[in-house]
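Asks: My structure is stored as protein-v2.pdb, with PDB, C-alpha atoms, pLDDT in the B column.
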ATOM      1  CA  MET A   1     -21.227  22.129   0.793  1.00 75.00           C
ATOM      2  CA  HIS A   2     -19.576  18.801  -0.019  1.00 89.00           C
ATOM      3  CA  PRO A   3     -16.589  17.361   1.883  1.00 92.00           C
ATOM      4  CA  LEU A   4     -12.965  18.220   1.188  1.00 94.00           C
ATOM      5  CA  ILE A   5     -10.671  15.221   0.705  1.00 96.00           C
ATOM      6  CA  ILE A   6      -7.170  16.254   1.726  1.00 97.00           C
ATOM      7  CA  ILE A   7      -4.193  14.140   0.635  1.00 97.00           C
ATOM      8  CA  SER A   8      -0.985  15.337   2.269  1.00 96.00           C
ATOM      9  CA  GLY A   9       2.414  14.124   3.381  1.00 94.00           C
ATOM     10  CA  PRO A  10       6.113  14.776   2.886  1.00 92.00           C
ATOM     11  CA  ALA A  11       7.765  15.405  -0.475  1.00 84.00           C
ATOM     12  CA  GLY A  12       8.315  12.280  -2.546  1.00 82.00           C
ATOM     13  CA  VAL A  13       5.650  10.189  -0.820  1.00 90.00           C
ATOM     14  CA  GLY A  14       3.420   9.897  -3.906  1.00 89.00           C
ATOM     15  CA  LYS A  15       0.658  12.434  -3.263  1.00 91.00           C
ATOM     16  CA  THR A  16       0.184  13.321  -6.925  1.00 89.00           C
ATOM     17  CA  THR A  17       0.051   9.690  -8.062  1.00 91.00           C
ATOM     18  CA  VAL A  18      -2.567   8.902  -5.420  1.00 93.00           C
ATOM     19  CA  ALA A  19      -4.632  12.004  -6.211  1.00 93.00           C
ATOM     20  CA  LYS A  20      -4.702  11.190  -9.931  1.00 91.00           C
ATOM     21  CA  ALA A  21      -5.788   7.622  -9.182  1.00 92.00           C
ATOM     22  CA  LEU A  22      -8.568   8.811  -6.845  1.00 94.00           C
ATOM     23  CA  LEU A  23      -9.903  11.191  -9.492  1.00 93.00           C
ATOM     24  CA  LYS A  24     -10.181   8.236 -11.891  1.00 92.00           C
ATOM     25  CA  THR A  25     -11.709   5.960  -9.251  1.00 93.00           C
ATOM     26  CA  PHE A  26     -14.349   8.411  -7.995  1.00 93.00           C
ATOM     27  CA  PRO A  27     -15.925  10.398 -10.866  1.00 91.00           C
ATOM     28  CA  ALA A  28     -17.792  12.624  -8.383  1.00 91.00           C
ATOM     29  CA  LEU A  29     -14.474  13.975  -7.088  1.00 94.00           C
ATOM     30  CA  HIS A  30     -13.278  17.243  -8.611  1.00 94.00           C
ATOM     31  CA  SER A  31      -9.826  18.767  -8.367  1.00 91.00           C
ATOM     32  CA  SER A  32      -8.916  21.946  -6.526  1.00 91.00           C
ATOM     33  CA  VAL A  33      -7.980  25.193  -8.274  1.00 92.00           C
ATOM     34  CA  THR A  34      -4.382  26.250  -7.656  1.00 93.00           C
ATOM     35  CA  TYR A  35      -2.253  29.262  -8.518  1.00 95.00           C
ATOM     36  CA  THR A  36       1.518  28.868  -8.455  1.00 95.00           C
ATOM     37  CA  THR A  37       4.713  30.674  -9.351  1.00 96.00           C
ATOM     38  CA  ARG A  38       6.339  27.332 -10.203  1.00 90.00           C
ATOM     39  CA  ARG A  39       7.380  26.823 -13.794  1.00 86.00           C
ATOM     40  CA  ARG A  40       5.162  24.555 -15.875  1.00 84.00           C
ATOM     41  CA  ARG A  41       6.662  21.082 -16.089  1.00 72.00           C
ATOM     42  CA  GLU A  42       7.141  19.628 -19.548  1.00 66.00           C
ATOM     43  CA  PHE A  43       5.617  16.210 -20.258  1.00 53.00           C
ATOM     44  CA  SER A  44       3.696  16.261 -16.970  1.00 54.00           C
ATOM     45  CA  THR A  45      -0.051  16.211 -16.377  1.00 57.00           C
ATOM     46  CA  GLU A  46      -1.452  17.839 -13.259  1.00 60.00           C
ATOM     47  CA  ASP A  47      -4.018  16.374 -10.887  1.00 62.00           C
ATOM     48  CA  LYS A  48      -5.540  19.816 -10.329  1.00 73.00           C
ATOM     49  CA  LYS A  49      -6.496  22.917 -12.258  1.00 85.00           C
ATOM     50  CA  MET A  50      -3.336  25.032 -12.322  1.00 89.00           C
ATOM     51  CA  TYR A  51      -2.700  28.675 -13.154  1.00 93.00           C
ATOM     52  CA  TYR A  52       0.949  29.663 -13.579  1.00 95.00           C
ATOM     53  CA  VAL A  53       1.535  33.287 -12.601  1.00 96.00           C
ATOM     54  CA  SER A  54       4.386  35.651 -11.753  1.00 97.00           C
ATOM     55  CA  ARG A  55       5.402  36.313  -8.154  1.00 97.00           C
ATOM     56  CA  PRO A  56       4.011  39.893  -8.255  1.00 97.00           C
ATOM     57  CA  GLU A  57       0.656  38.635  -9.531  1.00 97.00           C
ATOM     58  CA  PHE A  58       0.513  35.903  -6.891  1.00 97.00           C
ATOM     59  CA  GLU A  59       1.356  38.381  -4.146  1.00 98.00           C
ATOM     60  CA  ARG A  60      -1.310  40.771  -5.415  1.00 98.00           C
ATOM     61  CA  ARG A  61      -3.928  38.018  -5.334  1.00 97.00           C
ATOM     62  CA  ARG A  62      -2.732  36.844  -1.915  1.00 97.00           C
ATOM     63  CA  ASP A  63      -2.903  40.341  -0.444  1.00 98.00           C
ATOM     64  CA  ALA A  64      -6.396  40.751  -1.899  1.00 97.00           C
ATOM     65  CA  GLY A  65      -7.540  37.643   0.020  1.00 96.00           C
ATOM     66  CA  GLU A  66      -8.155  35.510  -3.059  1.00 97.00           C
ATOM     67  CA  PHE A  67      -6.722  32.296  -1.574  1.00 96.00           C
ATOM     68  CA  LEU A  68      -8.235  29.823   0.870  1.00 94.00           C
ATOM     69  CA  GLU A  69      -4.698  28.867   1.774  1.00 95.00           C
ATOM     70  CA  TRP A  70      -1.253  29.595   0.470  1.00 95.00           C
ATOM     71  CA  ALA A  71       2.284  28.513   1.226  1.00 91.00           C
ATOM     72  CA  THR A  72       5.850  28.756   0.027  1.00 90.00           C
ATOM     73  CA  VAL A  73       7.104  25.323  -1.022  1.00 85.00           C
ATOM     74  CA  HIS A  74      10.715  24.894  -2.150  1.00 82.00           C
ATOM     75  CA  GLY A  75      10.919  28.562  -3.037  1.00 87.00           C
ATOM     76  CA  ASP A  76       7.678  28.779  -5.040  1.00 92.00           C
ATOM     77  CA  TYR A  77       4.266  30.082  -4.022  1.00 95.00           C
ATOM     78  CA  TYR A  78       1.198  27.832  -4.133  1.00 94.00           C
ATOM     79  CA  GLY A  79      -2.333  28.920  -3.271  1.00 95.00           C
ATOM     80  CA  THR A  80      -5.861  27.494  -3.529  1.00 95.00           C
ATOM     81  CA  HIS A  81      -8.216  29.976  -5.173  1.00 95.00           C
ATOM     82  CA  ARG A  82     -11.108  30.778  -2.863  1.00 95.00           C
ATOM     83  CA  GLU A  83     -14.054  31.579  -5.150  1.00 95.00           C
ATOM     84  CA  GLU A  84     -13.310  29.011  -7.834  1.00 94.00           C
ATOM     85  CA  THR A  85     -12.785  26.201  -5.343  1.00 93.00           C
ATOM     86  CA  LEU A  86     -15.862  27.042  -3.255  1.00 94.00           C
ATOM     87  CA  ALA A  87     -17.944  27.115  -6.435  1.00 94.00           C
ATOM     88  CA  VAL A  88     -16.868  23.535  -7.143  1.00 93.00           C
ATOM     89  CA  LEU A  89     -17.478  22.470  -3.518  1.00 93.00           C
ATOM     90  CA  ASN A  90     -21.075  23.642  -3.762  1.00 92.00           C
ATOM     91  CA  HIS A  91     -21.716  20.862  -6.282  1.00 92.00           C
ATOM     92  CA  ASN A  92     -19.055  18.191  -5.768  1.00 93.00           C
ATOM     93  CA  PRO A  93     -16.519  16.938  -3.229  1.00 95.00           C
ATOM     94  CA  VAL A  94     -13.040  18.277  -3.974  1.00 95.00           C
ATOM     95  CA  ILE A  95      -9.704  16.517  -3.595  1.00 95.00           C
ATOM     96  CA  PHE A  96      -6.677  18.521  -2.468  1.00 95.00           C
ATOM     97  CA  ASN A  97      -3.185  17.164  -3.144  1.00 93.00           C
ATOM     98  CA  ILE A  98      -1.418  19.619  -0.897  1.00 93.00           C
ATOM     99  CA  ASP A  99       1.616  20.194   1.292  1.00 91.00           C
ATOM    100  CA  VAL A 100       1.319  20.038   5.073  1.00 94.00           C
ATOM    101  CA  GLN A 101       1.276  23.840   5.482  1.00 91.00           C
ATOM    102  CA  GLY A 102      -1.712  24.213   3.167  1.00 93.00           C
ATOM    103  CA  ALA A 103      -3.473  21.139   4.548  1.00 95.00           C
ATOM    104  CA  GLU A 104      -3.382  22.496   8.086  1.00 95.00           C
ATOM    105  CA  GLN A 105      -4.817  25.826   6.928  1.00 94.00           C
ATOM    106  CA  LEU A 106      -7.711  24.037   5.201  1.00 95.00           C
ATOM    107  CA  MET A 107      -8.331  21.777   8.192  1.00 94.00           C
ATOM    108  CA  LYS A 108      -8.515  24.816  10.458  1.00 94.00           C
ATOM    109  CA  GLN A 109     -10.946  26.643   8.171  1.00 92.00           C
ATOM    110  CA  PHE A 110     -13.251  23.779   7.238  1.00 93.00           C
ATOM    111  CA  GLY A 111     -13.138  21.653  10.380  1.00 90.00           C
ATOM    112  CA  ARG A 112     -15.842  18.986  10.142  1.00 84.00           C
ATOM    113  CA  ARG A 113     -16.021  19.203   6.345  1.00 89.00           C
ATOM    114  CA  ALA A 114     -12.375  18.193   5.835  1.00 94.00           C
ATOM    115  CA  VAL A 115     -11.350  14.527   5.584  1.00 95.00           C
ATOM    116  CA  SER A 116      -7.567  14.497   5.953  1.00 96.00           C
ATOM    117  CA  VAL A 117      -5.291  11.613   4.930  1.00 97.00           C
ATOM    118  CA  PHE A 118      -1.558  11.704   5.622  1.00 97.00           C
ATOM    119  CA  LEU A 119       0.578   9.525   3.335  1.00 95.00           C
ATOM    120  CA  LEU A 120       3.609   7.958   4.976  1.00 95.00           C
ATOM    121  CA  PRO A 121       6.648   6.434   3.257  1.00 92.00           C
ATOM    122  CA  GLU A 122       7.326   2.836   4.195  1.00 90.00           C
ATOM    123  CA  SER A 123      10.841   3.823   5.248  1.00 88.00           C
ATOM    124  CA  HIS A 124      13.198   6.772   5.497  1.00 86.00           C
ATOM    125  CA  GLU A 125      15.233   5.246   2.656  1.00 87.00           C
ATOM    126  CA  GLN A 126      12.202   5.275   0.353  1.00 87.00           C
ATOM    127  CA  MET A 127      11.609   8.941   1.073  1.00 85.00           C
ATOM    128  CA  VAL A 128      15.249   9.814   0.405  1.00 86.00           C
ATOM    129  CA  ASP A 129      15.272   7.888  -2.898  1.00 85.00           C
ATOM    130  CA  HIS A 130      12.077   9.553  -4.105  1.00 81.00           C
ATOM    131  CA  ILE A 131      13.351  13.032  -3.308  1.00 83.00           C
ATOM    132  CA  LYS A 132      16.588  12.279  -5.182  1.00 81.00           C
ATOM    133  CA  ASN A 133      14.592  11.130  -8.204  1.00 79.00           C
ATOM    134  CA  ARG A 134      12.516  14.311  -8.491  1.00 72.00           C
ATOM    135  CA  GLY A 135      14.982  15.887 -10.925  1.00 68.00           C
ATOM    136  CA  GLU A 136      18.365  17.494 -10.942  1.00 71.00           C
ATOM    137  CA  MET A 137      19.176  19.537  -7.865  1.00 77.00           C
ATOM    138  CA  THR A 138      22.198  20.692  -5.957  1.00 83.00           C
ATOM    139  CA  GLU A 139      23.291  18.935  -2.775  1.00 86.00           C
ATOM    140  CA  GLY A 140      22.060  21.979  -0.871  1.00 85.00           C
ATOM    141  CA  ASP A 141      18.610  21.743  -2.512  1.00 84.00           C
ATOM    142  CA  PHE A 142      18.442  18.031  -1.730  1.00 85.00           C
ATOM    143  CA  GLN A 143      19.333  18.540   1.919  1.00 87.00           C
ATOM    144  CA  ALA A 144      16.775  21.353   2.231  1.00 86.00           C
ATOM    145  CA  ARG A 145      14.025  19.167   0.734  1.00 85.00           C
ATOM    146  CA  LEU A 146      14.947  16.234   2.922  1.00 87.00           C
ATOM    147  CA  LYS A 147      14.919  18.384   6.052  1.00 88.00           C
ATOM    148  CA  SER A 148      11.543  19.808   5.031  1.00 86.00           C
ATOM    149  CA  ALA A 149      10.131  16.303   4.459  1.00 88.00           C
ATOM    150  CA  GLU A 150      11.381  15.096   7.844  1.00 90.00           C
ATOM    151  CA  ARG A 151       9.758  18.125   9.481  1.00 91.00           C
ATOM    152  CA  GLU A 152       6.471  17.456   7.675  1.00 92.00           C
ATOM    153  CA  LEU A 153       6.435  13.883   8.999  1.00 92.00           C
ATOM    154  CA  THR A 154       6.053  15.243  12.529  1.00 93.00           C
ATOM    155  CA  ALA A 155       2.592  16.564  11.582  1.00 94.00           C
ATOM    156  CA  LYS A 156       1.114  13.127  10.861  1.00 95.00           C
ATOM    157  CA  ASP A 157      -0.839  12.851  14.109  1.00 95.00           C
ATOM    158  CA  ARG A 158      -2.800  16.006  13.333  1.00 94.00           C
ATOM    159  CA  PHE A 159      -4.533  14.251  10.421  1.00 96.00           C
ATOM    160  CA  ASP A 160      -7.647  12.066  10.575  1.00 95.00           C
ATOM    161  CA  TYR A 161      -6.005   9.071   8.907  1.00 96.00           C
ATOM    162  CA  GLN A 162      -2.503   7.794   8.157  1.00 96.00           C
ATOM    163  CA  VAL A 163      -1.784   5.435   5.254  1.00 96.00           C
ATOM    164  CA  ILE A 164       1.596   3.945   4.318  1.00 95.00           C
ATOM    165  CA  ASN A 165       2.285   4.231   0.596  1.00 93.00           C
ATOM    166  CA  ALA A 166       4.648   1.304   0.128  1.00 90.00           C
ATOM    167  CA  GLU A 167       6.894   1.053  -2.936  1.00 87.00           C
ATOM    168  CA  GLY A 168       5.223  -0.810  -5.798  1.00 87.00           C
ATOM    169  CA  ARG A 169       1.983  -1.332  -3.865  1.00 91.00           C
ATOM    170  CA  LEU A 170      -0.178   1.521  -5.117  1.00 91.00           C
ATOM    171  CA  ASN A 171      -3.223  -0.750  -5.380  1.00 92.00           C
ATOM    172  CA  GLU A 172      -3.049  -1.497  -1.665  1.00 94.00           C
ATOM    173  CA  THR A 173      -2.696   2.199  -0.861  1.00 95.00           C
ATOM    174  CA  MET A 174      -5.676   2.989  -3.090  1.00 94.00           C
ATOM    175  CA  ASP A 175      -7.816   0.274  -1.490  1.00 94.00           C
ATOM    176  CA  LYS A 176      -7.134   1.726   1.953  1.00 95.00           C
ATOM    177  CA  ILE A 177      -7.851   5.321   0.940  1.00 96.00           C
ATOM    178  CA  ALA A 178     -10.942   4.342  -1.052  1.00 94.00           C
ATOM    179  CA  GLY A 179     -12.246   2.554   2.027  1.00 94.00           C
ATOM    180  CA  ILE A 180     -11.630   5.677   4.101  1.00 94.00           C
ATOM    181  CA  ILE A 181     -13.245   8.281   1.845  1.00 94.00           C
ATOM    182  CA  LYS A 182     -16.111   6.322   0.280  1.00 92.00           C
ATOM    183  CA  PRO A 183     -18.471   6.679   3.290  1.00 91.00           C
ATOM    184  CA  TYR A 184     -17.949  10.441   3.314  1.00 89.00           C
ATOM    185  CA  LEU A 185     -18.593  10.750  -0.399  1.00 89.00           C
ATOM    186  CA  LEU A 186     -21.807   8.744  -0.057  1.00 82.00           C
ATOM    187  CA  ARG A 187     -23.064  10.722   2.944  1.00 74.00           C
ATOM    188  CA  GLY A 188     -21.647  14.094   1.964  1.00 64.00           C
ATOM    189  CA  GLU A 189     -20.262  14.458   5.489  1.00 59.00           C
ATOM    190  CA  GLY A 190     -16.947  15.204   7.138  1.00 57.00           C
ATOM    191  CA  PRO A 191     -15.013  12.853   9.457  1.00 60.00           C
ATOM    192  CA  HIS A 192     -16.547  14.014  12.732  1.00 52.00           C
ATOM    193  CA  GLN A 193     -20.194  13.472  11.854  1.00 46.00           C
ATOM    194  CA  GLY A 194     -20.909   9.964  13.053  1.00 40.00           C
ATOM    195  CA  ILE A 195     -18.465   7.820  11.037  1.00 40.00           C
ATOM    196  CA  ASP A 196     -15.868   5.686  12.826  1.00 40.00           C
ATOM    197  CA  ARG A 197     -12.559   7.263  11.789  1.00 41.00           C
ATOM    198  CA  THR A 198     -10.550   4.162  12.765  1.00 39.00           C
ATOM    199  CA  ALA A 199     -12.583   1.668  10.724  1.00 36.00           C
ATOM    200  CA  SER A 200     -10.690   1.795   7.437  1.00 38.00           C
ATOM    201  CA  THR A 201      -7.106   2.731   8.220  1.00 41.00           C
ATOM    202  CA  GLY A 202      -5.786  -0.796   7.724  1.00 39.00           C
TER     203      GLY A 202
END
Please express what this file holds, its structure, as C-alpha coordinates.

Replies:
Amino acid sequence: MHPLIIISGPAGVGKTTVAKALLKTFPALHSSVTYTTRRRREFSTEDKKMYYVSRPEFERRRDAGEFLEWATVHGDYYGTHREETLAVLNHNPVIFNIDVQGAEQLMKQFGRRAVSVFLLPESHEQMVDHIKNRGEMTEGDFQARLKSAERELTAKDRFDYQVINAEGRLNETMDKIAGIIKPYLLRGEGPHQGIDRTASTG
(Lines of atoms letter the chains of each structure in order from A and count residues from 1; the text may use other names and numbers.)
(Lines give C-alpha, C1' and ligand atoms only; values in the text may rest on other atoms or scores of the structure.)
Protein backbone atom coordinates (compact mmCIF):
# COMPACT_ATOMS: atom_id res chain seq x y z
CA MET A 1 0.00 0.00 0.00
CA HIS A 2 1.25 3.48 -0.89
CA PRO A 3 1.61 6.34 1.62
CA LEU A 4 -1.18 8.67 2.66
CA ILE A 5 -0.36 12.38 2.40
CA ILE A 6 -2.47 14.22 4.95
CA ILE A 7 -2.92 18.00 4.64
CA SER A 8 -4.74 19.41 7.66
CA GLY A 9 -5.10 22.58 9.69
CA PRO A 10 -7.70 25.06 10.88
CA ALA A 11 -10.48 26.48 8.73
CA GLY A 12 -9.37 29.20 6.34
CA VAL A 13 -5.70 28.20 6.29
CA GLY A 14 -5.69 27.20 2.60
CA LYS A 15 -5.86 23.40 2.70
CA THR A 16 -7.88 23.09 -0.50
CA THR A 17 -5.63 25.46 -2.46
CA VAL A 18 -2.54 23.52 -1.36
CA ALA A 19 -4.12 20.14 -2.11
CA LYS A 20 -5.11 21.21 -5.62
CA ALA A 21 -1.59 22.50 -6.28
CA LEU A 22 -0.02 19.25 -5.02
CA LEU A 23 -2.25 17.18 -7.30
CA LYS A 24 -0.98 19.22 -10.27
CA THR A 25 2.64 19.05 -9.11
CA PHE A 26 2.74 15.30 -8.44
CA PRO A 27 0.82 13.33 -11.11
CA ALA A 28 1.23 10.10 -9.10
CA LEU A 29 -0.90 11.56 -6.30
CA HIS A 30 -4.60 10.67 -6.36
CA SER A 31 -7.39 12.30 -4.40
CA SER A 32 -9.39 10.69 -1.62
CA VAL A 33 -13.04 9.65 -1.99
CA THR A 34 -15.39 11.62 0.25
CA TYR A 35 -19.09 11.50 1.08
CA THR A 36 -20.70 14.60 2.54
CA THR A 37 -24.07 16.05 3.46
CA ARG A 38 -22.81 19.52 2.53
CA ARG A 39 -24.54 21.23 -0.36
CA ARG A 40 -22.64 21.31 -3.64
CA ARG A 41 -20.94 24.67 -4.10
CA GLU A 42 -21.63 26.52 -7.32
CA PHE A 43 -18.64 27.62 -9.40
CA SER A 44 -16.25 25.58 -7.25
CA THR A 45 -14.03 22.67 -8.23
CA GLU A 46 -13.15 20.06 -5.62
CA ASP A 47 -9.71 18.64 -4.91
CA LYS A 48 -11.22 15.23 -4.17
CA LYS A 49 -13.86 12.87 -5.48
CA MET A 50 -17.08 13.96 -3.76
CA TYR A 51 -20.45 12.29 -3.34
CA TYR A 52 -23.24 14.52 -2.02
CA VAL A 53 -25.79 12.53 -0.02
CA SER A 54 -28.63 13.07 2.45
CA ARG A 55 -28.06 12.83 6.19
CA PRO A 56 -30.03 9.54 6.44
CA GLU A 57 -27.94 7.99 3.67
CA PHE A 58 -24.69 9.16 5.27
CA GLU A 59 -25.75 7.79 8.64
CA ARG A 60 -26.70 4.47 7.05
CA ARG A 61 -23.29 4.20 5.40
CA ARG A 62 -21.54 5.28 8.61
CA ASP A 63 -23.39 2.71 10.71
CA ALA A 64 -22.53 0.04 8.13
CA GLY A 65 -18.81 0.80 8.60
CA GLU A 66 -18.27 2.18 5.11
CA PHE A 67 -15.99 5.04 6.19
CA LEU A 68 -12.31 5.04 7.14
CA GLU A 69 -13.03 8.18 9.11
CA TRP A 70 -15.91 10.56 9.50
CA ALA A 71 -16.59 13.80 11.31
CA THR A 72 -19.13 16.56 11.72
CA VAL A 73 -17.70 19.84 10.44
CA HIS A 74 -19.73 23.05 10.78
CA GLY A 75 -22.93 21.05 10.98
CA ASP A 76 -22.30 18.78 7.98
CA TYR A 77 -21.07 15.19 7.85
CA TYR A 78 -17.88 14.29 5.97
CA GLY A 79 -16.49 10.78 5.60
CA THR A 80 -13.74 9.04 3.62
CA HIS A 81 -15.08 5.96 1.84
CA ARG A 82 -13.18 2.87 2.94
CA GLU A 83 -13.26 0.51 -0.06
CA GLU A 84 -12.92 3.13 -2.77
CA THR A 85 -10.03 4.88 -1.06
CA LEU A 86 -8.15 1.67 -0.23
CA ALA A 87 -8.53 0.56 -3.84
CA VAL A 88 -6.75 3.75 -4.93
CA LEU A 89 -4.07 3.35 -2.24
CA ASN A 90 -3.19 -0.08 -3.59
CA HIS A 91 -1.91 1.60 -6.76
CA ASN A 92 -1.08 5.21 -5.91
CA PRO A 93 -0.35 7.51 -2.97
CA VAL A 94 -3.45 9.43 -1.92
CA ILE A 95 -3.70 13.01 -0.69
CA PHE A 96 -6.24 13.87 2.00
CA ASN A 97 -7.33 17.49 2.46
CA ILE A 98 -9.06 16.92 5.75
CA ASP A 99 -10.08 18.51 9.04
CA VAL A 100 -8.16 17.75 12.22
CA GLN A 101 -10.76 15.26 13.51
CA GLY A 102 -10.52 13.14 10.37
CA ALA A 103 -6.74 13.50 10.12
CA GLU A 104 -6.24 12.13 13.62
CA GLN A 105 -8.47 9.14 12.86
CA LEU A 106 -6.42 8.35 9.74
CA MET A 107 -3.12 8.80 11.57
CA LYS A 108 -4.28 6.38 14.26
CA GLN A 109 -5.38 3.76 11.72
CA PHE A 110 -2.49 3.96 9.27
CA GLY A 111 0.40 4.86 11.56
CA ARG A 112 3.65 4.52 9.62
CA ARG A 113 1.92 4.88 6.25
CA ALA A 114 0.57 8.37 6.99
CA VAL A 115 2.64 11.49 6.27
CA SER A 116 0.88 14.33 8.09
CA VAL A 117 1.39 18.04 7.38
CA PHE A 118 -0.29 20.70 9.49
CA LEU A 119 -0.78 24.08 7.78
CA LEU A 120 -0.46 27.09 10.05
CA PRO A 121 -1.65 30.64 9.36
CA GLU A 122 1.06 33.26 9.56
CA SER A 123 -1.01 35.14 12.13
CA HIS A 124 -4.29 35.04 14.02
CA GLU A 125 -5.45 38.02 11.94
CA GLN A 126 -4.92 36.08 8.71
CA MET A 127 -7.01 33.21 10.02
CA VAL A 128 -9.81 35.54 11.09
CA ASP A 129 -9.85 37.31 7.70
CA HIS A 130 -9.97 34.04 5.78
CA ILE A 131 -12.84 32.69 7.86
CA LYS A 132 -14.77 35.93 7.30
CA ASN A 133 -14.22 35.64 3.55
CA ARG A 134 -15.63 32.11 3.26
CA GLY A 135 -19.12 33.40 2.48
CA GLU A 136 -22.05 34.97 4.21
CA MET A 137 -22.63 33.79 7.76
CA THR A 138 -24.20 35.05 10.93
CA GLU A 139 -22.07 36.46 13.74
CA GLY A 140 -22.85 33.29 15.69
CA ASP A 141 -21.62 31.09 12.81
CA PHE A 142 -18.45 33.16 12.51
CA GLN A 143 -17.69 32.92 16.22
CA ALA A 144 -18.31 29.15 16.17
CA ARG A 145 -15.94 28.68 13.22
CA LEU A 146 -13.29 30.86 14.79
CA LYS A 147 -13.49 28.97 18.08
CA SER A 148 -13.26 25.68 16.19
CA ALA A 149 -10.20 26.90 14.25
CA GLU A 150 -8.47 28.05 17.44
CA ARG A 151 -9.15 24.64 18.99
CA GLU A 152 -7.76 22.86 15.92
CA LEU A 153 -4.53 24.86 16.19
CA THR A 154 -3.79 23.13 19.50
CA ALA A 155 -3.40 19.82 17.61
CA LYS A 156 -0.42 20.98 15.54
CA ASP A 157 2.21 19.12 17.56
CA ARG A 158 0.55 15.78 16.88
CA PHE A 159 1.46 16.05 13.18
CA ASP A 160 4.74 15.03 11.54
CA TYR A 161 5.37 18.43 9.97
CA GLN A 162 4.19 22.02 10.39
CA VAL A 163 4.29 24.53 7.52
CA ILE A 164 3.24 28.19 7.67
CA ASN A 165 1.05 29.15 4.72
CA ALA A 166 1.79 32.86 4.52
CA GLU A 167 -0.52 35.24 2.65
CA GLY A 168 0.45 35.61 -1.01
CA ARG A 169 3.35 33.15 -0.72
CA LEU A 170 1.81 29.92 -1.97
CA ASN A 171 4.93 29.08 -3.98
CA GLU A 172 7.02 29.06 -0.81
CA THR A 173 4.46 26.88 0.95
CA MET A 174 4.43 24.49 -2.00
CA ASP A 175 8.24 24.30 -2.11
CA LYS A 176 8.32 23.33 1.56
CA ILE A 177 5.60 20.70 1.27
CA ALA A 178 7.03 19.29 -1.96
CA GLY A 179 10.37 18.91 -0.20
CA ILE A 180 8.66 17.08 2.65
CA ILE A 181 6.58 14.59 0.66
CA LYS A 182 8.81 13.90 -2.34
CA PRO A 183 11.08 11.38 -0.53
CA TYR A 184 8.04 9.41 0.63
CA LEU A 185 6.52 9.34 -2.83
CA LEU A 186 9.80 8.10 -4.30
CA ARG A 187 10.30 5.41 -1.66
CA GLY A 188 6.66 4.53 -1.13
CA GLU A 189 7.22 4.77 2.63
CA GLY A 190 5.69 6.55 5.59
CA PRO A 191 7.45 9.11 7.82
CA HIS A 192 8.82 6.68 10.39
CA GLN A 193 10.70 4.39 8.03
CA GLY A 194 14.18 5.85 7.94
CA ILE A 195 13.63 9.39 6.60
CA ASP A 196 14.65 12.40 8.68
CA ARG A 197 11.34 14.10 9.47
CA THR A 198 13.02 17.42 10.36
CA ALA A 199 15.01 17.77 7.13
CA SER A 200 12.50 19.68 5.01
CA THR A 201 10.31 21.69 7.36
CA GLY A 202 12.02 24.99 6.57

Asks: Can you turn the PyMOL selection byres ((chain A and resi 22) around 12) into a concrete residue list for this file, as a ChimeraX atom specification?

Replies: /A:5-7,15-21,23-31,47-48,93-97,170-171,173-182

Asks: How would you write, as a list in words, the residues chosen by the PyMOL selection byres ((chain A and resi 106-111) around 10) on this structure?

Replies: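 Selected by the PyMOL selection byres ((chain A and resi 106-111) around 10) here: Pro3, Leu4, Ile6, Leu68, Glu69, Trp70, Thr80, Phe96, Ile98, Val100, Gln101, Gly102, Ala103, Glu104, Gln105, Arg112, Arg113, Ala114, Val115, Ser116, Arg158, Phe159, Gly190, Pro191 and His192 of chain A.
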
Asks: Have a look at atom CA of A:Tyr35 and atom CA of A:Lys132 and let me know their distance in Å, one decimal.

Replies: 25.6 Å

Asks: Could you tell me how far atom CA of A:Tyr51 sits from atom CA of A:Tyr184, in Å to one decimal place?

Replies: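 Separation of atom CA of A:Tyr184 and atom CA of A:Tyr51: 28.9 Å.
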
Asks: Using all atoms listed in the file, which of A:Leu153, A:Leu185, A:Tyr161, A:Val53 sits nearest A:Gly9?

Replies: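 Counting all atoms listed in the file, the residue closest to A:Gly9 is A:Leu153.
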
Asks: State, in Å with one decimal place, the distance from atom CA of A:Glu139 to atom CA of A:Val73.

Replies: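 So the two atoms, atom CA of A:Glu139 and atom CA of A:Val73, lie 17.5 Å apart.
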
Asks: Please evaluate the PyMOL selection byres ((chain A and resi 131) around 8) against the structure above and give the resulting residues as a PyMOL selection string.

Replies: chain A and resi 11-12+127-130+132-134+142+145-146

Asks: With only C-alpha atoms counted, which protein, DNA or RNA residues have an atom no more than 12 Å from (10.0, 30.3, -12.9) in the file frame? Please answer as number ranges by chain.

Replies: A: 36-41, 52-55, 75-77

Asks: Using only C-alpha atoms, which of A:Ala64, A:Asp141, A:Val33, A:Gln162 sits nearest A:Glu83?

Replies: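 For A:Glu83, the nearest of the given residues is A:Val33.
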
Asks: For a quick check of understanding, using all atoms listed in the file, which of A:Phe67, A:Glu59, A:Gly14, A:Lys49 has the smallest distance to A:Val163?

Replies: A:Gly14

Asks: Using 4 Å of padding on each side, determine the axis-aligned box around all atoms of stretch 134-145 of chain A present in the file and give its centre and edge lengths in Å to one decimal, as JSON.

Replies:
{"center_x": 17.9, "center_y": 18.1, "center_z": -4.4, "size_x": 18.8, "size_y": 15.7, "size_z": 21.2}

Asks: Which one is closest to A:Thr34: A:Gly168, A:Pro183, A:Pro121, A:Gly79? Count all atoms listed in the file.

Replies: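 Checking each candidate against A:Thr34, we get A:Gly79 as the closest.
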
Asks: Taking into account all atoms listed in the file, which residue in the set A:His124, A:Arg62, A:His91, A:His81 is nearest to A:Ile164?

Replies: A:His124
